[in-house]
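S.K.: I have a structure I would like to understand better, so I am pasting it below and will then ask my questions one at a time.
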Amino acid sequence: MDSLQFLHGLLSRALLLFTVIAGVYGLVEYFRKHVVTPSYWGVIVVGNLAAVGQGVIGLILALSGKQPEQWLHILYGVVALMWIPIITMINNLANSGEHNRRETLIVALVSLFEAGIVLRAITTA
């Protein structure tokens with residue numbers, strides 16, 4: 001199980017870096033007046049899949065008796081899994097579901113929010 005803990009920690013740091021890069025890239029695209037491209041959505045999907053992998057490893061660790069120090073760690077993990085649903089919900093509420101420049105800003109800000117969630121999850125492990 002030590003190798004799973006190592007992998008869980010390594011993946012968390014990779015996910016943090018990934019979300020920050022996705023958020024900063026989105027802000028750059030927003031200020032360049034670009035809409036969300038399929039390749040940018042691909043980045044978000046890959047990041048969300050990494051969060052799912054992180055969650056699966058965390059679940060395996062929890063079921064094997066390796067509980068996090070704080071229960072908030074699990075809550076942050078669940079929120080991290082909801083990267084795409086949060087983007088979709090906010091875009092539907094604030095942007096009427098349209099695919100325009102504002103959607104780029106929404107994706108970027110939610111990605112940076114996810115970076116904060118991942119950072120909090122790391123600190124509560």
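Chain lettering (A, B, ...) mirrors the order of the structure tokens, residue numbering begins at 1 for each chain separately, and ligand numbering begins at 1 in order of display.
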Write out as a PyMOL selection string each polymer residue whose atoms come within 9 Å of Asn95 of chain A, counting only C-alpha atoms; drop sequence neighbours fewer than 6 positions from it.
M.R.: chain A and resi 102-103+106
S.K.: Please produce a file of those selected residues containing C-alpha atoms, as a PDB file, in the first residue's frame.
M.R.:
```
ATOM      1  CA  ARG A 102     -17.449  34.205 -21.551  1.00  0.00           C
ATOM      2  CA  GLU A 103     -17.380  30.394 -21.488  1.00  0.00           C
ATOM      3  CA  ILE A 106     -15.773  30.371 -16.822  1.00  0.00           C
TER       4      ILE A 106
END
```
S.K.: Skip segment 43-51 of chain A itself and residues of its chain fewer than 6 positions away, then list as a list in words all residues within 8 Å of it, counting only C-alpha atoms.
M.R.: Leu11, Leu15, Phe18, Thr19, Ala22, Gly77, Ala80, Leu81, Met82, Trp83 and Ile84 of chain A
S.K.: Counting only C-alpha atoms, figure out which residue out of A:Thr123, A:Ser111, A:Ser64, A:Gln70 gets nearest to Ile87 of chain A.
M.R.: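 For Ile87 of chain A, the nearest of the given residues is A:Ser111.
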S.K.: Could you give me, as a ChimeraX atom specification, the residues within 9 Å of Leu105 of chain A, counting only C-alpha atoms and dropping anything in the same chain fewer than 5 positions from it?
M.R.: /A:23,26-27,29-31,35-36,110
S.K.: Of the candidates A:His8, A:Ala121, A:Trp41, A:Ala62, which shows the shortest atom-to-atom distance to His99 of chain A, using only C-alpha atoms?
M.R.: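 When distances to His99 of chain A are compared using only C-alpha atoms, the smallest one comes from A:Trp41.
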S.K.: Can you tell me how far atom CA of Gly58 of chain A sits from atom CA of Leu119 of chain A, in Å to one decimal?
M.R.: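 Computing the Euclidean distance for atom CA of Gly58 of chain A and atom CA of Leu119 of chain A yields 15.5 Å.
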S.K.: Could you please determine the separation between atom CA of Ala14 of chain A and atom CA of Val52 of chain A in Å, to one decimal place?
M.R.: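 Those two atoms sit 13.2 Å apart.
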S.K.: Ranking A:Arg13, A:Lys66, A:His73, A:Arg101 by minimum distance to Lys33 of chain A and counting only C-alpha atoms, which one comes first?
M.R.: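 Answer, going by the shortest atom-to-atom distance: A:Arg101.
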S.K.: Kindly give the distance, in Å, that separates atom CA of Leu109 of chain A and atom CA of Thr124 of chain A, rounded to a single decimal.
M.R.: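 If I compute the distance from atom CA of Leu109 of chain A to atom CA of Thr124 of chain A, I get 22.7 Å.
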